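See below for work34.pdb, which holds PDB, C-alpha atoms.
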```pdb
ATOM      1  CA  MET A   1     -16.812  -6.556   8.102
ATOM      2  CA  GLU A   2     -15.422  -7.199  11.604
ATOM      3  CA  MET A   3     -11.826  -7.029  10.367
ATOM      4  CA  ALA A   4     -12.473  -3.883   8.329
ATOM      5  CA  GLU A   5     -13.942  -2.137  11.353
ATOM      6  CA  GLU A   6     -11.150  -3.211  13.709
ATOM      7  CA  LEU A   7      -8.458  -1.990  11.304
ATOM      8  CA  ASN A   8     -10.377   1.011   9.961
ATOM      9  CA  ALA A   9      -9.505  -0.367   6.547
ATOM     10  CA  VAL A  10     -11.056  -1.252   3.208
ATOM     11  CA  ILE A  11     -10.884  -5.019   2.591
ATOM     12  CA  VAL A  12     -10.789  -6.148  -1.047
ATOM     13  CA  SER A  13     -11.193  -9.868  -1.735
ATOM     14  CA  VAL A  14     -10.062 -10.924  -5.208
ATOM     15  CA  GLU A  15     -12.282 -13.601  -6.712
ATOM     16  CA  TYR A  16      -9.573 -15.170  -8.829
ATOM     17  CA  ARG A  17     -10.556 -18.012 -11.139
ATOM     18  CA  LEU A  18     -10.113 -21.533  -9.801
ATOM     19  CA  VAL A  19      -8.987 -24.937 -11.007
ATOM     20  CA  PRO A  20     -10.233 -26.661 -13.156
ATOM     21  CA  LYS A  21     -11.640 -23.640 -15.017
ATOM     22  CA  VAL A  22      -8.124 -22.224 -15.346
ATOM     23  CA  CYS A  23      -4.681 -23.403 -14.213
ATOM     24  CA  PHE A  24      -1.298 -21.846 -13.471
ATOM     25  CA  PRO A  25      -0.420 -19.056 -14.100
ATOM     26  CA  GLU A  26      -3.887 -17.578 -14.725
ATOM     27  CA  GLN A  27      -4.641 -17.195 -11.001
ATOM     28  CA  ILE A  28      -1.548 -14.998 -10.690
ATOM     29  CA  HIS A  29      -2.639 -12.879 -13.637
ATOM     30  CA  ASP A  30      -6.041 -12.396 -11.989
ATOM     31  CA  VAL A  31      -4.675 -11.118  -8.674
ATOM     32  CA  VAL A  32      -2.070  -8.920 -10.371
ATOM     33  CA  ARG A  33      -4.665  -7.313 -12.646
ATOM     34  CA  ALA A  34      -7.088  -6.728  -9.781
ATOM     35  CA  THR A  35      -4.408  -5.246  -7.524
ATOM     36  CA  LYS A  36      -3.019  -2.952 -10.209
ATOM     37  CA  TYR A  37      -6.541  -1.712 -10.919
ATOM     38  CA  PHE A  38      -7.203  -0.999  -7.247
ATOM     39  CA  LEU A  39      -3.901   0.871  -6.880
ATOM     40  CA  GLN A  40      -4.907   3.488  -9.434
ATOM     41  CA  PRO A  41      -5.077   6.891  -7.672
ATOM     42  CA  GLU A  42      -8.658   7.523  -8.751
ATOM     43  CA  VAL A  43      -9.789   4.121  -7.410
ATOM     44  CA  LEU A  44      -8.019   4.621  -4.089
ATOM     45  CA  GLN A  45      -9.607   8.033  -3.798
ATOM     46  CA  LYS A  46     -13.055   6.632  -4.604
ATOM     47  CA  TYR A  47     -12.815   4.256  -1.630
ATOM     48  CA  SER A  48     -11.004   6.739   0.646
ATOM     49  CA  VAL A  49      -7.918   4.505   0.883
ATOM     50  CA  ASP A  50      -4.633   5.883   2.216
ATOM     51  CA  PRO A  51      -2.043   4.959  -0.487
ATOM     52  CA  GLY A  52       0.593   4.661   2.214
ATOM     53  CA  ARG A  53      -1.400   1.998   4.069
ATOM     54  CA  ILE A  54      -1.831  -0.829   1.579
ATOM     55  CA  GLY A  55      -1.111  -4.462   2.392
ATOM     56  CA  ILE A  56      -1.553  -7.790   0.648
ATOM     57  CA  SER A  57      -2.658 -10.934   2.452
ATOM     58  CA  GLY A  58      -3.864 -14.471   1.859
ATOM     59  CA  ASP A  59      -4.209 -17.864   3.475
ATOM     60  CA  SER A  60      -3.109 -21.271   2.145
ATOM     61  CA  ALA A  61      -3.211 -21.080  -1.691
ATOM     62  CA  GLY A  62      -4.129 -17.411  -1.301
ATOM     63  CA  GLY A  63      -0.953 -16.988   0.731
ATOM     64  CA  ASN A  64       0.973 -18.383  -2.227
ATOM     65  CA  LEU A  65      -0.620 -15.849  -4.586
ATOM     66  CA  ALA A  66      -0.006 -12.989  -2.139
ATOM     67  CA  ALA A  67       3.681 -13.924  -1.855
ATOM     68  CA  VAL A  68       4.043 -14.212  -5.630
ATOM     69  CA  LEU A  69       2.318 -10.870  -6.202
ATOM     70  CA  CYS A  70       4.620  -9.173  -3.696
ATOM     71  CA  GLN A  71       7.668 -10.608  -5.428
ATOM     72  CA  GLN A  72       6.455  -9.440  -8.828
ATOM     73  CA  PHE A  73       5.630  -5.953  -7.575
ATOM     74  CA  SER A  74       9.037  -5.681  -5.882
ATOM     75  CA  GLN A  75      10.685  -6.071  -9.299
ATOM     76  CA  ASP A  76       8.570  -3.360 -10.952
ATOM     77  CA  VAL A  77       9.998   0.136 -10.559
ATOM     78  CA  ASN A  78       6.478   1.607 -10.680
ATOM     79  CA  LEU A  79       5.031  -0.742  -8.065
ATOM     80  CA  LYS A  80       7.839  -1.725  -5.683
ATOM     81  CA  LYS A  81       6.952   0.874  -3.023
ATOM     82  CA  LYS A  82       3.175   0.452  -3.272
ATOM     83  CA  LEU A  83       2.747  -2.309  -0.671
ATOM     84  CA  LYS A  84       3.514  -1.536   2.968
ATOM     85  CA  VAL A  85       3.138  -5.099   4.304
ATOM     86  CA  GLN A  86       2.397  -8.679   3.328
ATOM     87  CA  ALA A  87       0.661 -11.095   5.692
ATOM     88  CA  LEU A  88       0.753 -14.793   4.831
ATOM     89  CA  ILE A  89      -1.430 -17.299   6.686
ATOM     90  CA  TYR A  90      -0.166 -20.917   6.556
ATOM     91  CA  PRO A  91       0.978 -20.282   2.977
ATOM     92  CA  VAL A  92       1.825 -22.863   0.289
ATOM     93  CA  LEU A  93       5.310 -21.901  -0.882
ATOM     94  CA  GLN A  94       7.004 -24.799  -2.659
ATOM     95  CA  ALA A  95       6.454 -28.111  -4.451
ATOM     96  CA  LEU A  96      10.036 -29.386  -4.621
ATOM     97  CA  ASP A  97      10.204 -31.218  -1.297
ATOM     98  CA  PHE A  98       7.248 -33.152   0.069
ATOM     99  CA  ASN A  99       9.374 -34.584   2.868
ATOM    100  CA  THR A 100      10.184 -31.617   5.054
ATOM    101  CA  PRO A 101       9.795 -32.441   8.761
ATOM    102  CA  SER A 102       6.246 -31.039   8.767
ATOM    103  CA  TYR A 103       5.289 -33.113   5.719
ATOM    104  CA  GLN A 104       6.712 -36.224   7.384
ATOM    105  CA  GLN A 105       5.168 -35.470  10.777
ATOM    106  CA  ASN A 106       1.717 -34.534   9.471
ATOM    107  CA  VAL A 107       1.525 -36.946   6.536
ATOM    108  CA  ASN A 108      -2.040 -38.044   7.348
ATOM    109  CA  ILE A 109      -3.248 -35.122   9.463
ATOM    110  CA  PRO A 110      -6.565 -33.437   8.599
ATOM    111  CA  ILE A 111      -7.416 -30.982   7.052
ATOM    112  CA  LEU A 112      -4.565 -31.260   4.578
ATOM    113  CA  PRO A 113      -2.754 -34.641   4.374
ATOM    114  CA  ARG A 114       0.340 -34.833   2.167
ATOM    115  CA  HIS A 115      -1.274 -36.931  -0.559
ATOM    116  CA  THR A 116      -4.010 -34.304  -0.974
ATOM    117  CA  MET A 117      -1.495 -31.450  -1.141
ATOM    118  CA  VAL A 118       0.443 -33.200  -3.918
ATOM    119  CA  LYS A 119      -2.803 -33.727  -5.869
ATOM    120  CA  TYR A 120      -3.641 -30.027  -5.501
ATOM    121  CA  TRP A 121      -0.280 -29.108  -7.014
ATOM    122  CA  ILE A 122      -0.833 -31.460  -9.941
ATOM    123  CA  GLU A 123      -4.291 -29.999 -10.553
ATOM    124  CA  TYR A 124      -2.857 -26.457 -10.419
ATOM    125  CA  PHE A 125      -0.464 -27.390 -13.246
ATOM    126  CA  LYS A 126      -2.950 -29.561 -15.151
ATOM    127  CA  GLY A 127      -0.593 -32.495 -14.726
ATOM    128  CA  SER A 128      -1.159 -36.242 -14.483
ATOM    129  CA  TYR A 129      -2.296 -37.992 -11.317
ATOM    130  CA  ASP A 130       0.062 -40.786 -12.376
ATOM    131  CA  PHE A 131       2.855 -38.701 -10.843
ATOM    132  CA  VAL A 132       1.396 -38.452  -7.327
ATOM    133  CA  GLN A 133       3.244 -41.356  -5.715
ATOM    134  CA  ALA A 134       6.541 -40.451  -7.380
ATOM    135  CA  MET A 135       6.278 -36.853  -6.176
ATOM    136  CA  VAL A 136       5.412 -37.944  -2.644
ATOM    137  CA  VAL A 137       8.915 -39.480  -2.400
ATOM    138  CA  ASN A 138      10.595 -36.550  -4.216
ATOM    139  CA  ASN A 139      11.292 -38.415  -7.432
ATOM    140  CA  HIS A 140      10.706 -35.145  -9.307
ATOM    141  CA  THR A 141      13.686 -33.421  -7.649
ATOM    142  CA  SER A 142      16.249 -36.239  -7.627
ATOM    143  CA  LEU A 143      19.986 -35.587  -7.835
ATOM    144  CA  ASP A 144      20.060 -36.341 -11.556
ATOM    145  CA  GLU A 145      17.736 -33.357 -12.181
ATOM    146  CA  GLU A 146      20.335 -30.580 -12.326
ATOM    147  CA  GLU A 147      17.960 -27.611 -12.296
ATOM    148  CA  ALA A 148      16.055 -28.979  -9.306
ATOM    149  CA  THR A 149      19.291 -29.740  -7.453
ATOM    150  CA  ALA A 150      20.464 -26.144  -7.924
ATOM    151  CA  LEU A 151      17.223 -24.820  -6.436
ATOM    152  CA  ARG A 152      17.295 -27.150  -3.431
ATOM    153  CA  ALA A 153      19.745 -24.816  -1.700
ATOM    154  CA  HIS A 154      16.886 -22.327  -1.360
ATOM    155  CA  LEU A 155      14.882 -24.796   0.715
ATOM    156  CA  ASN A 156      17.572 -26.768   2.477
ATOM    157  CA  TRP A 157      15.616 -27.394   5.653
ATOM    158  CA  THR A 158      18.582 -28.912   7.495
ATOM    159  CA  SER A 159      20.019 -25.384   7.670
ATOM    160  CA  LEU A 160      16.867 -23.240   7.479
ATOM    161  CA  LEU A 161      14.914 -24.942  10.272
ATOM    162  CA  PRO A 162      15.820 -24.994  13.978
ATOM    163  CA  ALA A 163      16.715 -28.252  15.734
ATOM    164  CA  SER A 164      13.410 -28.107  17.631
ATOM    165  CA  ILE A 165      11.677 -28.599  14.271
ATOM    166  CA  THR A 166      14.056 -30.940  12.440
ATOM    167  CA  LYS A 167      14.270 -33.345  15.400
ATOM    168  CA  ASN A 168      15.335 -36.754  14.040
ATOM    169  CA  TYR A 169      13.802 -36.362  10.591
ATOM    170  CA  LYS A 170      16.010 -37.143   7.603
ATOM    171  CA  PRO A 171      15.955 -35.512   4.156
ATOM    172  CA  VAL A 172      14.507 -37.622   1.349
ATOM    173  CA  VAL A 173      16.717 -37.108  -1.699
ATOM    174  CA  GLN A 174      16.582 -39.652  -4.508
ATOM    175  CA  THR A 175      19.697 -40.367  -6.563
ATOM    176  CA  THR A 176      17.671 -41.022  -9.699
ATOM    177  CA  GLY A 177      14.054 -40.101 -10.279
ATOM    178  CA  ASN A 178      11.315 -39.811 -12.859
ATOM    179  CA  ALA A 179      12.496 -37.387 -15.562
ATOM    180  CA  ARG A 180       9.023 -37.297 -17.126
ATOM    181  CA  ILE A 181       7.623 -35.278 -14.233
ATOM    182  CA  LEU A 182       9.676 -32.135 -14.845
ATOM    183  CA  GLN A 183       9.477 -32.625 -18.594
ATOM    184  CA  GLU A 184       5.687 -32.492 -18.409
ATOM    185  CA  ILE A 185       5.365 -30.125 -15.423
ATOM    186  CA  PRO A 186       8.318 -27.690 -15.584
ATOM    187  CA  GLN A 187       6.173 -25.198 -13.631
ATOM    188  CA  LEU A 188       7.175 -27.056 -10.460
ATOM    189  CA  LEU A 189      10.500 -25.199 -10.607
ATOM    190  CA  ASP A 190       8.997 -21.789 -11.401
ATOM    191  CA  ALA A 191       9.322 -19.205  -8.621
ATOM    192  CA  ARG A 192       5.887 -17.899  -9.650
ATOM    193  CA  SER A 193       4.458 -21.132  -8.274
ATOM    194  CA  ALA A 194       7.039 -21.658  -5.523
ATOM    195  CA  PRO A 195       8.003 -18.249  -4.080
ATOM    196  CA  LEU A 196      10.231 -19.923  -1.486
ATOM    197  CA  ILE A 197      12.801 -20.634  -4.221
ATOM    198  CA  ALA A 198      13.057 -17.024  -5.442
ATOM    199  CA  ASP A 199      16.524 -15.499  -5.643
ATOM    200  CA  GLN A 200      17.834 -13.516  -2.683
ATOM    201  CA  GLU A 201      17.974 -10.440  -4.932
ATOM    202  CA  VAL A 202      14.177 -10.636  -5.252
ATOM    203  CA  LEU A 203      13.544 -11.242  -1.560
ATOM    204  CA  LYS A 204      15.524  -8.259  -0.322
ATOM    205  CA  HIS A 205      13.052  -5.809  -1.854
ATOM    206  CA  LEU A 206       9.981  -7.255  -0.133
ATOM    207  CA  PRO A 207       7.954  -5.278   2.445
ATOM    208  CA  LYS A 208       7.568  -5.968   6.139
ATOM    209  CA  THR A 209       6.160  -9.482   6.466
ATOM    210  CA  TYR A 210       3.944 -11.513   8.792
ATOM    211  CA  ILE A 211       3.864 -15.304   8.455
ATOM    212  CA  LEU A 212       1.533 -17.486  10.519
ATOM    213  CA  THR A 213       2.371 -21.192  10.819
ATOM    214  CA  CYS A 214       0.757 -24.095  12.656
ATOM    215  CA  GLU A 215       2.308 -27.192  14.209
ATOM    216  CA  HIS A 216      -0.238 -29.652  12.822
ATOM    217  CA  ASP A 217       0.120 -28.627   9.186
ATOM    218  CA  VAL A 218       2.187 -30.071   6.333
ATOM    219  CA  LEU A 219       2.901 -26.465   5.266
ATOM    220  CA  ARG A 220       4.402 -25.396   8.595
ATOM    221  CA  ASP A 221       7.999 -25.601   7.374
ATOM    222  CA  ASP A 222       7.311 -23.739   4.125
ATOM    223  CA  GLY A 223       6.415 -20.700   6.216
ATOM    224  CA  ILE A 224       9.301 -21.082   8.661
ATOM    225  CA  MET A 225      11.853 -21.457   5.847
ATOM    226  CA  TYR A 226      10.458 -18.424   4.026
ATOM    227  CA  ALA A 227      10.727 -16.354   7.203
ATOM    228  CA  LYS A 228      14.353 -17.444   7.585
ATOM    229  CA  ARG A 229      15.184 -16.599   3.964
ATOM    230  CA  LEU A 230      13.516 -13.190   4.298
ATOM    231  CA  GLU A 231      15.460 -12.471   7.494
ATOM    232  CA  SER A 232      18.671 -13.351   5.650
ATOM    233  CA  ALA A 233      17.644 -10.809   2.999
ATOM    234  CA  ASP A 234      17.234  -8.140   5.737
ATOM    235  CA  VAL A 235      13.447  -8.055   5.489
ATOM    236  CA  GLU A 236      11.623  -7.371   8.763
ATOM    237  CA  VAL A 237       9.661 -10.548   9.527
ATOM    238  CA  THR A 238       7.270 -11.677  12.240
ATOM    239  CA  LEU A 239       6.910 -15.470  12.423
ATOM    240  CA  ASP A 240       3.770 -16.280  14.400
ATOM    241  CA  TYR A 241       3.814 -19.983  15.321
ATOM    242  CA  PHE A 242       0.896 -21.786  16.978
ATOM    243  CA  GLU A 243       1.792 -25.055  18.662
ATOM    244  CA  ASP A 244      -1.846 -26.181  18.797
ATOM    245  CA  GLY A 245      -2.766 -24.836  15.364
ATOM    246  CA  PHE A 246      -3.793 -26.793  12.261
ATOM    247  CA  HIS A 247      -4.249 -25.888   8.614
ATOM    248  CA  GLY A 248      -7.301 -23.719   8.139
ATOM    249  CA  CYS A 249      -7.861 -23.155  11.864
ATOM    250  CA  MET A 250      -8.426 -19.405  11.491
ATOM    251  CA  ILE A 251     -11.809 -19.936   9.836
ATOM    252  CA  PHE A 252     -13.136 -21.677  12.961
ATOM    253  CA  THR A 253     -14.113 -18.614  14.978
ATOM    254  CA  ARG A 254     -17.905 -18.734  15.159
ATOM    255  CA  TRP A 255     -20.369 -21.027  16.906
ATOM    256  CA  PRO A 256     -20.667 -23.983  16.703
ATOM    257  CA  THR A 257     -17.047 -24.301  15.511
ATOM    258  CA  ASN A 258     -15.579 -21.447  17.522
ATOM    259  CA  PHE A 259     -12.282 -23.138  18.415
ATOM    260  CA  ALA A 260      -9.969 -21.359  20.848
ATOM    261  CA  VAL A 261      -7.007 -21.658  18.454
ATOM    262  CA  GLY A 262      -9.081 -20.188  15.626
ATOM    263  CA  ILE A 263      -9.929 -17.152  17.727
ATOM    264  CA  ARG A 264      -6.319 -16.727  18.916
ATOM    265  CA  THR A 265      -4.845 -16.943  15.399
ATOM    266  CA  LYS A 266      -7.377 -14.456  14.050
ATOM    267  CA  ASN A 267      -6.768 -12.014  16.896
ATOM    268  CA  SER A 268      -2.987 -12.287  16.572
ATOM    269  CA  TYR A 269      -3.177 -11.654  12.822
ATOM    270  CA  ILE A 270      -5.437  -8.624  13.195
ATOM    271  CA  GLU A 271      -3.324  -7.209  16.042
ATOM    272  CA  TRP A 272      -0.189  -7.414  13.871
ATOM    273  CA  LEU A 273      -1.943  -5.645  11.012
ATOM    274  CA  ASP A 274      -3.261  -2.993  13.388
ATOM    275  CA  ARG A 275       0.300  -2.266  14.581
ATOM    276  CA  ASN A 276       2.010  -2.385  11.199
ATOM    277  CA  LEU A 277      -0.413  -1.382   8.466
TER
END
```
Could you express the structure from this file as structure tokens?
Amino acid sequence: MEMAEELNAVIVSVEYRLVPKVCFPEQIHDVVRATKYFLQPEVLQKYSVDPGRIGISGDSAGGNLAAVLCQQFSQDVNLKKKLKVQALIYPVLQALDFNTPSYQQNVNIPILPRHTMVKYWIEYFKGSYDFVQAMVVNNHTSLDEEEATALRAHLNWTSLLPASITKNYKPVVQTTGNARILQEIPQLLDARSAPLIADQEVLKHLPKTYILTCEHDVLRDDGIMYAKRLESADVEVTLDYFEDGFHGCMIFTRWPTNFAVGIRTKNSYIEWLDRNL
């Protein structure tokens, strides 16, 4: 309610189905169906929505779905101009490399340690927990996996991240890995699950973008790399980085957990939307 009033906007929250009730790609189908329904002229008129002022947004896994939806809409001639902006809050954008600098730095940091993030991915794909340890060390994207190797260029953090982020961290690339992982979970290499690996041709049609990232978050570098790839595709991007932020911090804005960083991230996000929506 507070956000709707500040932006003079209608806020629609899509209650997409969750794991384990359904798995990938059903969540995507849910948000696409709901968004297409809402974009119908008669529905927009019913809720007094300006069709030229429509944005898509999400945080964490919701940020993943928002990014995927935007990519899909950008490829549809009837939908590509429907979204004015996308705003992604510490989004999950790839499952090929669990050893980016932020994954290495924040391996055991609450609220989202690396081991937990890998398990979430496996649950999303209805895969086997037996693969967790192998995926933690990137055995699913080893050099002998040709398709994975080809996609690695889209998330080559040694070139996509600044030196202030890469520091002395080293890439973890296995020569040989566990072929069973991609055989059983090929969805790991699907851009509908990992929008960071989408082709440049897809990215260049995306709307103006806001990406919020936090220092103490395994997903920090996913967001930074996506911002860099979007910039390279001539998309207007705002990368909003919070040095004292952590995954999920924006929800901590009310007493007794009204953290300063939660309030600042929320205000920054709303201010960007107010200027650009």
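The residue that comes closest to Ile185 of chain A, out of A:Glu243, A:Glu123, A:Glu215, A:Glu26 and on the basis of only C-alpha atoms, is A:Glu123.
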Selection: 10 Å around Lys80 of chain A, all atoms listed in the file, excl. self and same-chain fewer than 5 positions, as an MDAnalysis selection string: chainID A and resid 70:75 205:207
Answer as an mmCIF file with C-alpha atoms, keeping the file's coordinate frame, residues within 10 Å of (-6.2, -17.8, 14.5) using only C-alpha atoms:
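And here's part_37.cif as it stands now:
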```cif
data_model
loop_
_atom_site.group_PDB
_atom_site.id
_atom_site.type_symbol
_atom_site.label_atom_id
_atom_site.label_comp_id
_atom_site.auth_asym_id
_atom_site.auth_seq_id
_atom_site.Cartn_x
_atom_site.Cartn_y
_atom_site.Cartn_z
ATOM 1 C CA ILE A 89 -1.430 -17.299 6.686
ATOM 2 C CA LEU A 212 1.533 -17.486 10.519
ATOM 3 C CA THR A 213 2.371 -21.192 10.819
ATOM 4 C CA CYS A 214 0.757 -24.095 12.656
ATOM 5 C CA PHE A 242 0.896 -21.786 16.978
ATOM 6 C CA GLY A 245 -2.766 -24.836 15.364
ATOM 7 C CA PHE A 246 -3.793 -26.793 12.261
ATOM 8 C CA GLY A 248 -7.301 -23.719 8.139
ATOM 9 C CA CYS A 249 -7.861 -23.155 11.864
ATOM 10 C CA MET A 250 -8.426 -19.405 11.491
ATOM 11 C CA ILE A 251 -11.809 -19.936 9.836
ATOM 12 C CA PHE A 252 -13.136 -21.677 12.961
ATOM 13 C CA THR A 253 -14.113 -18.614 14.978
ATOM 14 C CA PHE A 259 -12.282 -23.138 18.415
ATOM 15 C CA ALA A 260 -9.969 -21.359 20.848
ATOM 16 C CA VAL A 261 -7.007 -21.658 18.454
ATOM 17 C CA GLY A 262 -9.081 -20.188 15.626
ATOM 18 C CA ILE A 263 -9.929 -17.152 17.727
ATOM 19 C CA ARG A 264 -6.319 -16.727 18.916
ATOM 20 C CA THR A 265 -4.845 -16.943 15.399
ATOM 21 C CA LYS A 266 -7.377 -14.456 14.050
ATOM 22 C CA ASN A 267 -6.768 -12.014 16.896
ATOM 23 C CA SER A 268 -2.987 -12.287 16.572
ATOM 24 C CA TYR A 269 -3.177 -11.654 12.822
ATOM 25 C CA ILE A 270 -5.437 -8.624 13.195
#
```
task: Place a sphere of radius 8 Å on (9.1, -26.8, -2.5) in the file coordinates and name every protein, DNA or RNA residue with an atom inside or on its surface, counting all atoms listed in the file; give the answer as a PyMOL selection string.
output: chain A and resi 93-98+155+194+196-197+222
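The smallest atom-to-atom distance between Arg220 of chain A and any of A:Phe38, A:Tyr169, A:Tyr241, A:Phe125, using all atoms listed in the file, is found for A:Tyr241.
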- prompt: Hey, can you check how far atom CA of Ile211 of chain A sits from atom CA of Ala233 of chain A?
  reply: 15.5 Å
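Atom pair atom CA of Ile122 of chain A / atom CA of Val218 of chain A: separated by 16.6 Å.
Atom pair atom CA of Thr149 of chain A / atom CA of Asn178 of chain A: separated by 13.9 Å.
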field: Evaluate the PyMOL selection byres ((chain A and resi 134-136) around 12) and report residues as a ChimeraX atom specification
entry: /A:95-100,103-104,107,113-119,121-122,127-133,137-142,172-174,176-182,185,188
- request: Kindly indicate which residue among A:Asn108, A:Asn168, A:Ser48, A:Thr175 lies nearest to Asn8 of chain A, using only C-alpha atoms for the distances.
  value: A:Ser48
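If you apply the PyMOL selection byres ((chain A and resi 110) around 9) to this structure, you end up with Asn106, Asn108, Ile109, Ile111, Leu112, Pro113, His216, Asp217, Phe246 and His247 of chain A.
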query: When the PyMOL selection byres ((chain A and resi 237) around 8) is applied to the file above, which residues end up in the set, as a ChimeraX atom specification?
result: /A:208-211,227,230-231,235-236,238-239
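The residue that comes closest to Glu147 of chain A, out of A:Val31, A:Leu161, A:Leu88, A:Leu189 and on the basis of all atoms listed in the file, is A:Leu189.
The nearest approach to Thr158 of chain A among the residues A:Leu203, A:Ala66, A:Met225, A:Val77, with all atoms listed in the file taken into account, belongs to A:Met225.
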field: Among the residues A:Gly52, A:Pro25, A:Gly58, A:Pro162, the one that comes closest to Val12 of chain A [using all atoms listed in the file]
entry: A:Gly58
Save segment 15-34 of chain A of the structure in the block above to a file, with N, CA and C atoms included, as an mmCIF file, in the first residue's frame.
```cif
data_model
loop_
_atom_site.group_PDB
_atom_site.id
_atom_site.type_symbol
_atom_site.label_atom_id
_atom_site.label_comp_id
_atom_site.auth_asym_id
_atom_site.auth_seq_id
_atom_site.Cartn_x
_atom_site.Cartn_y
_atom_site.Cartn_z
ATOM 1 N N GLU A 15 0.865 -14.518 -7.539
ATOM 2 C CA GLU A 15 1.049 -15.642 -6.620
ATOM 3 C C GLU A 15 1.346 -16.905 -7.439
ATOM 4 N N TYR A 16 2.556 -16.930 -7.984
ATOM 5 C CA TYR A 16 2.934 -18.091 -8.796
ATOM 6 C C TYR A 16 3.121 -19.316 -7.897
ATOM 7 N N ARG A 17 2.901 -20.484 -8.474
ATOM 8 C CA ARG A 17 3.005 -21.726 -7.718
ATOM 9 C C ARG A 17 4.460 -22.011 -7.349
ATOM 10 N N LEU A 18 4.654 -22.644 -6.217
ATOM 11 C CA LEU A 18 5.992 -22.841 -5.663
ATOM 12 C C LEU A 18 6.422 -24.304 -5.705
ATOM 13 N N VAL A 19 7.742 -24.493 -5.584
ATOM 14 C CA VAL A 19 8.295 -25.824 -5.341
ATOM 15 C C VAL A 19 7.873 -26.243 -3.929
ATOM 16 N N PRO A 20 7.501 -27.493 -3.651
ATOM 17 C CA PRO A 20 7.581 -28.656 -4.555
ATOM 18 C C PRO A 20 6.302 -28.933 -5.324
ATOM 19 N N LYS A 21 5.284 -28.068 -5.184
ATOM 20 C CA LYS A 21 4.023 -28.323 -5.894
ATOM 21 C C LYS A 21 4.256 -28.395 -7.392
ATOM 22 N N VAL A 22 5.020 -27.442 -7.915
ATOM 23 C CA VAL A 22 5.411 -27.467 -9.331
ATOM 24 C C VAL A 22 6.873 -27.051 -9.434
ATOM 25 N N CYS A 23 7.524 -27.436 -10.511
ATOM 26 C CA CYS A 23 8.931 -27.088 -10.742
ATOM 27 C C CYS A 23 9.078 -26.384 -12.090
ATOM 28 N N PHE A 24 10.287 -25.982 -12.390
ATOM 29 C CA PHE A 24 10.597 -25.317 -13.659
ATOM 30 C C PHE A 24 10.034 -26.125 -14.821
ATOM 31 N N PRO A 25 9.396 -25.464 -15.811
ATOM 32 C CA PRO A 25 9.245 -24.016 -15.988
ATOM 33 C C PRO A 25 7.863 -23.485 -15.606
ATOM 34 N N GLU A 26 7.117 -24.201 -14.764
ATOM 35 C CA GLU A 26 5.743 -23.814 -14.475
ATOM 36 C C GLU A 26 5.628 -22.426 -13.843
ATOM 37 N N GLN A 27 6.611 -22.053 -13.006
ATOM 38 C CA GLN A 27 6.576 -20.719 -12.399
ATOM 39 C C GLN A 27 6.609 -19.626 -13.477
ATOM 40 N N ILE A 28 7.398 -19.869 -14.514
ATOM 41 C CA ILE A 28 7.478 -18.906 -15.622
ATOM 42 C C ILE A 28 6.134 -18.816 -16.324
ATOM 43 N N HIS A 29 5.526 -19.959 -16.585
ATOM 44 C CA HIS A 29 4.217 -19.961 -17.241
ATOM 45 C C HIS A 29 3.197 -19.178 -16.419
ATOM 46 N N ASP A 30 3.264 -19.311 -15.094
ATOM 47 C CA ASP A 30 2.319 -18.599 -14.229
ATOM 48 C C ASP A 30 2.459 -17.087 -14.361
ATOM 49 N N VAL A 31 3.693 -16.585 -14.292
ATOM 50 C CA VAL A 31 3.874 -15.127 -14.343
ATOM 51 C C VAL A 31 3.592 -14.581 -15.741
ATOM 52 N N VAL A 32 3.890 -15.355 -16.765
ATOM 53 C CA VAL A 32 3.597 -14.912 -18.134
ATOM 54 C C VAL A 32 2.089 -14.835 -18.350
ATOM 55 N N ARG A 33 1.362 -15.864 -17.928
ATOM 56 C CA ARG A 33 -0.089 -15.860 -18.085
ATOM 57 C C ARG A 33 -0.729 -14.692 -17.339
ATOM 58 N N ALA A 34 -0.293 -14.493 -16.098
ATOM 59 C CA ALA A 34 -0.871 -13.421 -15.281
ATOM 60 C C ALA A 34 -0.588 -12.047 -15.894
#
```
